[in-house]
Every structure is written in structure tokens, then in C-alpha cells.
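Content type PDB, C-alpha atoms and all ligand atoms, from the file coords.pdb:
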MODEL        1
ATOM      1  CA  MET A  19       8.953 -23.079  27.913  1.00  0.00           C
ATOM      2  CA  GLN A  20      11.369 -20.906  29.888  1.00  0.00           C
ATOM      3  CA  ASN A  21       9.924 -17.987  31.777  1.00  0.00           C
ATOM      4  CA  ILE A  22      11.166 -14.868  30.120  1.00  0.00           C
ATOM      5  CA  ASN A  23       9.286 -11.837  31.381  1.00  0.00           C
ATOM      6  CA  GLU A  24       9.410  -9.851  28.169  1.00  0.00           C
ATOM      7  CA  ILE A  25       7.970 -12.732  26.174  1.00  0.00           C
ATOM      8  CA  GLU A  26       5.315 -13.535  28.765  1.00  0.00           C
ATOM      9  CA  ASN A  27       4.206  -9.902  28.748  1.00  0.00           C
ATOM     10  CA  LEU A  28       4.024  -9.769  24.977  1.00  0.00           C
ATOM     11  CA  ILE A  29       1.953 -12.968  24.850  1.00  0.00           C
ATOM     12  CA  LYS A  30      -0.423 -11.533  27.455  1.00  0.00           C
ATOM     13  CA  LEU A  31      -0.831  -8.299  25.488  1.00  0.00           C
ATOM     14  CA  ILE A  32      -1.358  -9.964  22.145  1.00  0.00           C
ATOM     15  CA  SER A  33      -3.924 -12.393  23.528  1.00  0.00           C
ATOM     16  CA  LYS A  34      -6.061  -9.370  24.467  1.00  0.00           C
ATOM     17  CA  LEU A  35      -6.566  -8.571  20.769  1.00  0.00           C
ATOM     18  CA  PRO A  36      -9.895  -9.518  19.168  1.00  0.00           C
ATOM     19  CA  GLY A  37     -10.080 -13.088  17.933  1.00  0.00           C
ATOM     20  CA  LEU A  38      -6.809 -14.179  19.556  1.00  0.00           C
ATOM     21  CA  GLY A  39      -6.307 -16.501  22.488  1.00  0.00           C
ATOM     22  CA  PRO A  40      -3.085 -17.497  24.287  1.00  0.00           C
ATOM     23  CA  LYS A  41      -2.303 -20.172  21.684  1.00  0.00           C
ATOM     24  CA  SER A  42      -2.385 -17.899  18.672  1.00  0.00           C
ATOM     25  CA  ALA A  43      -0.659 -15.171  20.693  1.00  0.00           C
ATOM     26  CA  LYS A  44       2.263 -17.544  21.261  1.00  0.00           C
ATOM     27  CA  ARG A  45       2.481 -18.295  17.538  1.00  0.00           C
ATOM     28  CA  ILE A  46       2.470 -14.587  16.729  1.00  0.00           C
ATOM     29  CA  VAL A  47       5.176 -13.864  19.281  1.00  0.00           C
ATOM     30  CA  LEU A  48       7.385 -16.622  17.854  1.00  0.00           C
ATOM     31  CA  LYS A  49       6.869 -15.254  14.362  1.00  0.00           C
ATOM     32  CA  LEU A  50       7.834 -11.793  15.579  1.00  0.00           C
ATOM     33  CA  ILE A  51      10.946 -12.973  17.385  1.00  0.00           C
ATOM     34  CA  ASN A  52      12.093 -14.940  14.381  1.00  0.00           C
ATOM     35  CA  ASN A  53      11.724 -11.823  12.228  1.00  0.00           C
ATOM     36  CA  ARG A  54      13.255  -9.160  14.422  1.00  0.00           C
ATOM     37  CA  ASP A  55      14.311  -6.755  11.693  1.00  0.00           C
ATOM     38  CA  GLU A  56      11.432  -7.285   9.275  1.00  0.00           C
ATOM     39  CA  LEU A  57       8.633  -7.281  11.858  1.00  0.00           C
ATOM     40  CA  ILE A  58       9.527  -6.233  15.415  1.00  0.00           C
ATOM     41  CA  LYS A  59      11.515  -3.161  14.524  1.00  0.00           C
ATOM     42  CA  PRO A  60       9.065  -1.523  12.064  1.00  0.00           C
ATOM     43  CA  MET A  61       6.110  -2.588  14.185  1.00  0.00           C
ATOM     44  CA  ALA A  62       7.512  -0.986  17.332  1.00  0.00           C
ATOM     45  CA  LYS A  63       8.142   2.200  15.389  1.00  0.00           C
ATOM     46  CA  THR A  64       4.689   2.231  13.808  1.00  0.00           C
ATOM     47  CA  LEU A  65       2.948   1.504  17.107  1.00  0.00           C
ATOM     48  CA  ALA A  66       4.777   4.419  18.723  1.00  0.00           C
ATOM     49  CA  GLU A  67       3.746   6.695  15.852  1.00  0.00           C
ATOM     50  CA  VAL A  68       0.116   5.619  16.027  1.00  0.00           C
ATOM     51  CA  TYR A  69       0.115   6.128  19.798  1.00  0.00           C
ATOM     52  CA  LYS A  70       1.583   9.589  19.430  1.00  0.00           C
ATOM     53  CA  ASN A  71      -0.262  10.872  16.367  1.00  0.00           C
ATOM     54  CA  ILE A  72      -3.682   9.221  16.115  1.00  0.00           C
ATOM     55  CA  SER A  73      -6.658   9.910  18.348  1.00  0.00           C
ATOM     56  CA  ARG A  74     -10.443   9.933  18.341  1.00  0.00           C
ATOM     57  CA  CYS A  75     -12.257  13.122  17.453  1.00  0.00           C
ATOM     58  CA  ARG A  76     -13.990  14.358  20.614  1.00  0.00           C
ATOM     59  CA  ILE A  77     -16.997  15.476  18.565  1.00  0.00           C
ATOM     60  CA  CYS A  78     -17.824  12.786  15.985  1.00  0.00           C
ATOM     61  CA  GLY A  79     -15.700   9.947  17.362  1.00  0.00           C
ATOM     62  CA  THR A  80     -13.848   9.104  14.177  1.00  0.00           C
ATOM     63  CA  LEU A  81     -10.109   8.448  14.039  1.00  0.00           C
ATOM     64  CA  LYS A  82      -7.952  11.369  13.048  1.00  0.00           C
ATOM     65  CA  VAL A  83      -4.438  12.699  13.053  1.00  0.00           C
ATOM     66  CA  SER A  84      -4.227  14.417  16.424  1.00  0.00           C
ATOM     67  CA  SER A  85      -2.524  17.559  15.168  1.00  0.00           C
ATOM     68  CA  ILE A  86      -5.148  18.515  12.585  1.00  0.00           C
ATOM     69  CA  GLU A  87      -8.813  19.393  12.801  1.00  0.00           C
ATOM     70  CA  CYS A  88     -11.275  16.634  12.082  1.00  0.00           C
ATOM     71  CA  SER A  89     -12.649  17.015   8.579  1.00  0.00           C
ATOM     72  CA  TYR A  90     -14.037  13.608   7.757  1.00  0.00           C
ATOM     73  CA  ASN A  91     -17.489  14.146   9.184  1.00  0.00           C
ATOM     74  CA  ASP A  92     -17.592  17.931   8.779  1.00  0.00           C
ATOM     75  CA  CYS A  93     -18.045  17.958  12.522  1.00  0.00           C
ATOM     76  CA  LYS A  94     -16.282  21.288  13.000  1.00  0.00           C
ATOM     77  CA  ILE A  95     -16.906  23.158   9.790  1.00  0.00           C
ATOM     78  CA  LEU A  96     -20.322  24.374   8.804  1.00  0.00           C
ATOM     79  CA  GLU A  97     -20.485  22.941   5.350  1.00  0.00           C
ATOM     80  CA  LYS A  98     -23.676  21.041   5.002  1.00  0.00           C
ATOM     81  CA  LYS A  99     -23.141  18.245   2.536  1.00  0.00           C
ATOM     82  CA  TYR A 100     -25.686  15.768   3.868  1.00  0.00           C
ATOM     83  CA  ASP A 101     -28.899  15.870   5.847  1.00  0.00           C
ATOM     84  CA  LYS A 102     -28.551  12.420   7.422  1.00  0.00           C
ATOM     85  CA  ILE A 103     -26.384  11.154  10.223  1.00  0.00           C
ATOM     86  CA  CYS A 104     -25.839   7.477  11.003  1.00  0.00           C
ATOM     87  CA  VAL A 105     -25.021   6.592  14.608  1.00  0.00           C
ATOM     88  CA  VAL A 106     -22.840   3.512  15.139  1.00  0.00           C
ATOM     89  CA  GLU A 107     -21.095   1.945  18.106  1.00  0.00           C
ATOM     90  CA  ASN A 108     -17.634   1.514  16.630  1.00  0.00           C
ATOM     91  CA  ILE A 109     -15.506   2.579  13.717  1.00  0.00           C
ATOM     92  CA  SER A 110     -15.579  -0.974  12.350  1.00  0.00           C
ATOM     93  CA  ASP A 111     -19.368  -0.575  11.994  1.00  0.00           C
ATOM     94  CA  GLN A 112     -18.854   2.598   9.983  1.00  0.00           C
ATOM     95  CA  TRP A 113     -16.372   0.786   7.745  1.00  0.00           C
ATOM     96  CA  SER A 114     -18.874  -2.050   7.078  1.00  0.00           C
ATOM     97  CA  ILE A 115     -21.629   0.414   6.186  1.00  0.00           C
ATOM     98  CA  GLU A 116     -19.313   2.418   3.932  1.00  0.00           C
ATOM     99  CA  ASP A 117     -18.068  -0.712   2.190  1.00  0.00           C
ATOM    100  CA  SER A 118     -21.602  -1.807   1.410  1.00  0.00           C
ATOM    101  CA  ASN A 119     -22.413   1.502  -0.375  1.00  0.00           C
ATOM    102  CA  ILE A 120     -25.929   1.660   1.001  1.00  0.00           C
ATOM    103  CA  TYR A 121     -25.687   4.970   2.785  1.00  0.00           C
ATOM    104  CA  LYS A 122     -24.454   8.461   1.939  1.00  0.00           C
ATOM    105  CA  GLY A 123     -24.274  10.825   4.866  1.00  0.00           C
ATOM    106  CA  TYR A 124     -22.448  11.684   8.037  1.00  0.00           C
ATOM    107  CA  PHE A 125     -21.385   9.233  10.708  1.00  0.00           C
ATOM    108  CA  HIS A 126     -21.262   9.573  14.458  1.00  0.00           C
ATOM    109  CA  ILE A 127     -19.245   6.987  16.337  1.00  0.00           C
ATOM    110  CA  LEU A 128     -20.294   6.505  19.941  1.00  0.00           C
ATOM    111  CA  GLY A 129     -17.295   4.451  20.976  1.00  0.00           C
ATOM    112  CA  GLY A 130     -19.275   1.724  22.753  1.00  0.00           C
ATOM    113  CA  THR A 131     -22.666   1.183  24.306  1.00  0.00           C
ATOM    114  CA  ILE A 132     -24.237   2.410  27.505  1.00  0.00           C
ATOM    115  CA  SER A 133     -24.032  -0.885  29.307  1.00  0.00           C
ATOM    116  CA  SER A 134     -20.598  -2.004  28.076  1.00  0.00           C
ATOM    117  CA  VAL A 135     -18.366  -2.907  30.992  1.00  0.00           C
ATOM    118  CA  GLY A 136     -16.345   0.084  32.149  1.00  0.00           C
ATOM    119  CA  GLN A 137     -18.131   2.398  29.713  1.00  0.00           C
ATOM    120  CA  ARG A 138     -19.020   5.804  31.104  1.00  0.00           C
ATOM    121  CA  LYS A 139     -22.106   7.416  29.605  1.00  0.00           C
ATOM    122  CA  GLU A 140     -20.363  10.788  29.225  1.00  0.00           C
ATOM    123  CA  ASP A 141     -17.649   9.204  27.049  1.00  0.00           C
ATOM    124  CA  LEU A 142     -20.189   8.067  24.463  1.00  0.00           C
ATOM    125  CA  LEU A 143     -20.313  11.418  22.649  1.00  0.00           C
ATOM    126  CA  ILE A 144     -24.108  11.620  22.911  1.00  0.00           C
ATOM    127  CA  ASN A 145     -24.071  15.309  23.869  1.00  0.00           C
ATOM    128  CA  SER A 146     -21.991  16.152  20.818  1.00  0.00           C
ATOM    129  CA  LEU A 147     -24.397  14.119  18.663  1.00  0.00           C
ATOM    130  CA  VAL A 148     -27.329  16.230  19.868  1.00  0.00           C
ATOM    131  CA  GLU A 149     -25.296  19.383  19.192  1.00  0.00           C
ATOM    132  CA  ARG A 150     -24.405  18.248  15.671  1.00  0.00           C
ATOM    133  CA  VAL A 151     -28.011  17.334  14.861  1.00  0.00           C
ATOM    134  CA  ASN A 152     -29.267  20.748  15.946  1.00  0.00           C
ATOM    135  CA  ARG A 153     -26.413  22.809  14.537  1.00  0.00           C
ATOM    136  CA  ASP A 154     -26.398  21.159  11.111  1.00  0.00           C
ATOM    137  CA  LYS A 155     -30.206  20.945  10.884  1.00  0.00           C
ATOM    138  CA  ILE A 156     -29.967  17.229  10.313  1.00  0.00           C
ATOM    139  CA  GLU A 157     -33.215  15.783   9.009  1.00  0.00           C
ATOM    140  CA  GLU A 158     -32.734  12.139   9.848  1.00  0.00           C
ATOM    141  CA  VAL A 159     -30.779  10.376  12.577  1.00  0.00           C
ATOM    142  CA  ILE A 160     -30.364   6.695  11.750  1.00  0.00           C
ATOM    143  CA  LEU A 161     -29.627   4.579  14.810  1.00  0.00           C
ATOM    144  CA  ALA A 162     -27.467   1.684  13.625  1.00  0.00           C
ATOM    145  CA  THR A 163     -26.597   0.156  16.966  1.00  0.00           C
ATOM    146  CA  SER A 164     -26.373  -3.625  17.353  1.00  0.00           C
ATOM    147  CA  ALA A 165     -29.379  -5.856  17.957  1.00  0.00           C
ATOM    148  CA  THR A 166     -28.065  -6.607  21.456  1.00  0.00           C
ATOM    149  CA  VAL A 167     -29.585  -5.515  24.759  1.00  0.00           C
ATOM    150  CA  GLU A 168     -26.765  -2.967  25.144  1.00  0.00           C
ATOM    151  CA  GLY A 169     -27.203  -1.665  21.589  1.00  0.00           C
ATOM    152  CA  GLN A 170     -30.960  -1.277  21.967  1.00  0.00           C
ATOM    153  CA  THR A 171     -30.663   0.381  25.403  1.00  0.00           C
ATOM    154  CA  THR A 172     -28.238   2.834  23.860  1.00  0.00           C
ATOM    155  CA  ALA A 173     -30.598   3.501  20.932  1.00  0.00           C
ATOM    156  CA  TYR A 174     -33.424   4.215  23.353  1.00  0.00           C
ATOM    157  CA  TYR A 175     -31.256   6.573  25.378  1.00  0.00           C
ATOM    158  CA  ILE A 176     -30.232   8.490  22.234  1.00  0.00           C
ATOM    159  CA  GLN A 177     -33.821   8.723  21.042  1.00  0.00           C
ATOM    160  CA  ASP A 178     -34.731  10.228  24.408  1.00  0.00           C
ATOM    161  CA  SER A 179     -31.794  12.660  24.246  1.00  0.00           C
ATOM    162  CA  LEU A 180     -33.072  13.860  20.868  1.00  0.00           C
ATOM    163  CA  LYS A 181     -36.665  14.360  21.946  1.00  0.00           C
ATOM    164  CA  ASN A 182     -36.429  18.161  21.645  1.00  0.00           C
ATOM    165  CA  SER A 183     -34.836  18.146  18.225  1.00  0.00           C
ATOM    166  CA  LYS A 184     -36.780  18.377  14.977  1.00  0.00           C
ATOM    167  CA  ALA A 185     -34.954  15.503  13.309  1.00  0.00           C
ATOM    168  CA  LYS A 186     -36.670  12.288  12.405  1.00  0.00           C
ATOM    169  CA  VAL A 187     -35.105   9.383  14.312  1.00  0.00           C
ATOM    170  CA  THR A 188     -35.087   6.006  12.599  1.00  0.00           C
ATOM    171  CA  LYS A 189     -33.824   2.600  13.592  1.00  0.00           C
ATOM    172  CA  LEU A 190     -32.532  -0.193  11.387  1.00  0.00           C
ATOM    173  CA  ALA A 191     -35.171  -2.798  10.572  1.00  0.00           C
ATOM    174  CA  GLN A 192     -35.824  -5.683  12.908  1.00  0.00           C
ATOM    175  CA  GLY A 193     -34.514  -8.062  10.260  1.00  0.00           C
ATOM    176  CA  LEU A 194     -31.211  -7.821  12.107  1.00  0.00           C
ATOM    177  CA  PRO A 195     -30.446 -11.154  13.731  1.00  0.00           C
ATOM    178  CA  VAL A 196     -30.813 -10.914  17.509  1.00  0.00           C
ATOM    179  CA  GLY A 197     -27.400 -10.280  18.988  1.00  0.00           C
ATOM    180  CA  GLY A 198     -26.225  -9.191  15.542  1.00  0.00           C
ATOM    181  CA  GLU A 199     -23.392  -6.735  15.526  1.00  0.00           C
ATOM    182  CA  ILE A 200     -23.349  -4.373  12.569  1.00  0.00           C
ATOM    183  CA  GLU A 201     -19.780  -5.139  11.560  1.00  0.00           C
ATOM    184  CA  SER A 202     -20.492  -8.855  11.226  1.00  0.00           C
ATOM    185  CA  LEU A 203     -23.509  -8.507   8.924  1.00  0.00           C
ATOM    186  CA  ASP A 204     -23.325  -9.331   5.259  1.00  0.00           C
ATOM    187  CA  ASP A 205     -24.136  -6.608   2.729  1.00  0.00           C
ATOM    188  CA  GLY A 206     -27.549  -8.080   1.862  1.00  0.00           C
ATOM    189  CA  THR A 207     -28.751  -8.059   5.475  1.00  0.00           C
ATOM    190  CA  LEU A 208     -27.332  -4.595   6.011  1.00  0.00           C
ATOM    191  CA  PHE A 209     -29.024  -3.355   2.842  1.00  0.00           C
ATOM    192  CA  SER A 210     -32.481  -4.552   3.852  1.00  0.00           C
ATOM    193  CA  ALA A 211     -31.996  -3.304   7.424  1.00  0.00           C
ATOM    194  CA  PHE A 212     -31.273   0.167   6.039  1.00  0.00           C
ATOM    195  CA  LYS A 213     -33.959   0.083   3.403  1.00  0.00           C
ATOM    196  CA  ASN A 214     -36.648  -0.996   5.845  1.00  0.00           C
ATOM    197  CA  ARG A 215     -35.636   1.274   8.707  1.00  0.00           C
ATOM    198  CA  SER A 216     -38.534   2.690  10.677  1.00  0.00           C
ATOM    199  CA  LYS A 217     -39.272   5.953  12.393  1.00  0.00           C
ATOM    200  CA  ILE A 218     -39.253   5.722  16.184  1.00  0.00           C
ATOM    201  CA  ASN A 219     -40.043   9.257  17.305  1.00  0.00           C
ATOM    202  CA  PRO A 220     -43.709   9.775  16.385  1.00  0.00           C
ATOM    203  CA  ASN A 221     -43.666  13.569  16.931  1.00  0.00           C
ATOM    204  CA  SER A 222     -41.329  14.385  14.073  1.00  0.00           C
ATOM    205  CA  LYS A 223     -42.539  15.112  10.578  1.00  0.00           C
TER     206      LYS A 223
HETATM  207 ZN    ZN B 301     -14.886  14.795  14.063  1.00  0.00          ZN
ENDMDL
END

Output the file's structure as C-alpha cells, nothing else.
Amino acid sequence: MQNINEIENLIKLISKLPGLGPKSAKRIVLKLINNRDELIKPMAKTLAEVYKNISRCRICGTLKVSSIECSYNDCKILEKKYDKICVVENISDQWSIEDSNIYKGYFHILGGTISSVGQRKEDLLINSLVERVNRDKIEEVILATSATVEGQTTAYYIQDSLKNSKAKVTKLAQGLPVGGEIESLDDGTLFSAFKNRSKINPNSK
């Protein structure tokens, strides 16, 4: 293979995507190059638009159009639709839970875990979670972090951050496979983990 910088760079970038290694990255790049007008051109345009217009909400962590207020989680407006909030690590976890139809309530997306590499605690939106719980008089905070050491450390840290709030804090049932990430669970496992969640702050009602 000749060394063409542009191609090498593209392969390197694509192989950073989840589930892709250098081999599949090469196949993708070839596919792109062979379909310049159908794939590369619209993709470059769409990527630029997403970069420019889409960002994470600094309060609830969901994805939103940068120019408008976040409305998905009612995180700015005081319109109390639900009394539960489910805390997840990533947006893909929220999507899995929504798809399974087992939960109706607000979401709060941390954007990682406390011990993830390069993750700063202050970026995890834990302060804004505590503010939302108190402001919206949330009755139950469901911690749906992964059954990994990082996920459980994060859950413990959040529980501690909420110790002065009145909300009940619950955690998904231990039926989660060890190391299990929420987004990779099937609906049945997710359902029983939700159904059998347990209270972890004894002082709440
Ligand atoms: Zn928001």
C-alpha cells in the first residue's frame, strides 16, 4: 500500500470508533473513496453540521441542538412531569432503557464514570444532578450505572453527594452480570434489574 497521508490519517481516525480496528477501518476507507459523491461528500457535510450544531446539555447531559434550550429532560423549565430520575453513564444507556419501555421518568447522563481514563469528576454533571433532584422535588433517584468497578464507584459517589437530599436513592438489582454495561443488556435482564432495584440510602422514607 502506498503511503498517502490523507488516507493514513482517515484510517487512524476511523479505527478509533467503537468496534472497529485497523482492518475494518481500511475497508471503510476504501468504500468511502470508491463512493466519493454518494458517501464522502454528504458525510463531510453532515459531520461539519453535527460538529457545529449539536452539543451536550450542561445540565442533564443529553444531546441537543446547541442553539436552543434543552427541553428533553425538562432540565431548565419547571414543569414537573415525573418524580423519578434515572442516572446513566452514557446516552446509549438511556436509549437502551427507553427502547425497553420499562421506565417512565427523567434521565441524567453523566458522560462517563469517575475512574474512566482522562475523566474529570467536575465534568460528570453530578452537581447539576443534585440541583435537579432538589429543585424538582424528585422522589426517587435510580442509579443505573454499569456493574463495573468504575460504575459502582460512581454510584457510591453520587449516593454520597445526595446524602442531604430527601430523595430515595435506589440501585439496579445485583442480577446485572459483573462487568455488565447497561447498553449491552437484553430487555429481560434490564427489566428484572429495574423491577428488583433496592434502596441504598437508609435514611430516606
Ligand atoms: Zn438538559

**OP:** List all protein, DNA and RNA residues that have at least one atom no more than 9 Å from any atom of ligand ZN 301 (chain B), counting all atoms listed in the file, and write them as a PyMOL selection string.
**Re:** chain A and resi 74-82+87-94+126

Original post:
So, counting only C-alpha atoms, which residue among A:Leu203, A:Val105, A:Ala173, A:Val151 is closest to Ala185 of chain A?
Top reply: A:Val151

For segment 76-82 of chain A, take all atoms listed in the file, fit an axis-aligned box around them, add 6 Å to each of the six sides, then output centre and edge lengths in Å rounded to one decimal, as AutoDock Vina command-line options.
--center_x -12.9 --center_y 12.0 --center_z 16.8 --size_x 21.9 --size_y 19.0 --size_z 19.6

Subject >> Matched chain/residue IDs from the PyMOL selection byres (((chain A and resi 25) around 12) and not hetatm), as a PyMOL selection string >> reply: chain A and resi 19-24+26-32+43-48+50-51

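You will find atom CA of Gln170 of chain A at 9.0 Å from atom CA of Thr131 of chain A.
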
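Here atom CA of Leu142 of chain A and atom CA of Ser210 of chain A stand 27.1 Å from one another.
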
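All residues of protein, DNA or RNA that reach within 10 Å of segment 154-158 of chain A, judged by all atoms listed in the file and not counting those fewer than 5 positions away in the chain, are A:Asp92, A:Cys93, A:Ile95, A:Leu96, A:Glu97, A:Lys98, A:Lys99, A:Tyr100, A:Asp101, A:Lys102, A:Ile103, A:Cys104, A:Gly123, A:Tyr124, A:Val148, A:Glu149, A:Ser183, A:Lys184, A:Ala185, A:Lys186, A:Val187, A:Thr188, A:Lys217, A:Ser222, A:Lys223.
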
Kindly export the residues of the current selection with C-alpha atoms, as a tab-separated table (two decimals), in the coordinates of the input.
chain	number	residue	atom	x	y	z
A	92	ASP	CA	-17.59	17.93	8.78
A	93	CYS	CA	-18.05	17.96	12.52
A	95	ILE	CA	-16.91	23.16	9.79
A	96	LEU	CA	-20.32	24.37	8.80
A	97	GLU	CA	-20.48	22.94	5.35
A	98	LYS	CA	-23.68	21.04	5.00
A	99	LYS	CA	-23.14	18.24	2.54
A	100	TYR	CA	-25.69	15.77	3.87
A	101	ASP	CA	-28.90	15.87	5.85
A	102	LYS	CA	-28.55	12.42	7.42
A	103	ILE	CA	-26.38	11.15	10.22
A	104	CYS	CA	-25.84	7.48	11.00
A	123	GLY	CA	-24.27	10.82	4.87
A	124	TYR	CA	-22.45	11.68	8.04
A	148	VAL	CA	-27.33	16.23	19.87
A	149	GLU	CA	-25.30	19.38	19.19
A	183	SER	CA	-34.84	18.15	18.23
A	184	LYS	CA	-36.78	18.38	14.98
A	185	ALA	CA	-34.95	15.50	13.31
A	186	LYS	CA	-36.67	12.29	12.40
A	187	VAL	CA	-35.10	9.38	14.31
A	188	THR	CA	-35.09	6.01	12.60
A	217	LYS	CA	-39.27	5.95	12.39
A	222	SER	CA	-41.33	14.38	14.07
A	223	LYS	CA	-42.54	15.11	10.58

Subject >> For Ser114 of chain A, the nearest of the candidates A:Leu57, A:Ala162, A:Leu65, A:Ile132, counting all atoms listed in the file >> reply: A:Ala162

Subject >> Closest of A:Val159, A:Ala66, A:Val106, A:Ile115 to Ile127 of chain A - atom-to-atom distances counting all atoms listed in the file >> reply: A:Val106

Segment 117-177 of chain A residues near segment 205-209 of chain A within 10 Å, closest pair each, using all atoms listed in the file, as a Markdown table:
| residue | atom | partner | partner_atom | distance |
| --- | --- | --- | --- | --- |
| A:Asp117 | CA | A:Asp205 | CA | 8.5 |
| A:Ser118 | CA | A:Asp205 | CA | 5.6 |
| A:Asn119 | CA | A:Phe209 | CA | 8.8 |
| A:Ile120 | CA | A:Phe209 | CA | 6.2 |
| A:Tyr121 | CA | A:Phe209 | CA | 9.0 |
| A:Ala162 | CA | A:Leu208 | CA | 9.9 |

Subject >> Gap from atom CA of Gly169 of chain A to atom CA of Leu190 of chain A - Å, one decimal >> reply: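 According to the coordinates, atom CA of Gly169 of chain A and atom CA of Leu190 of chain A are separated by 11.6 Å.
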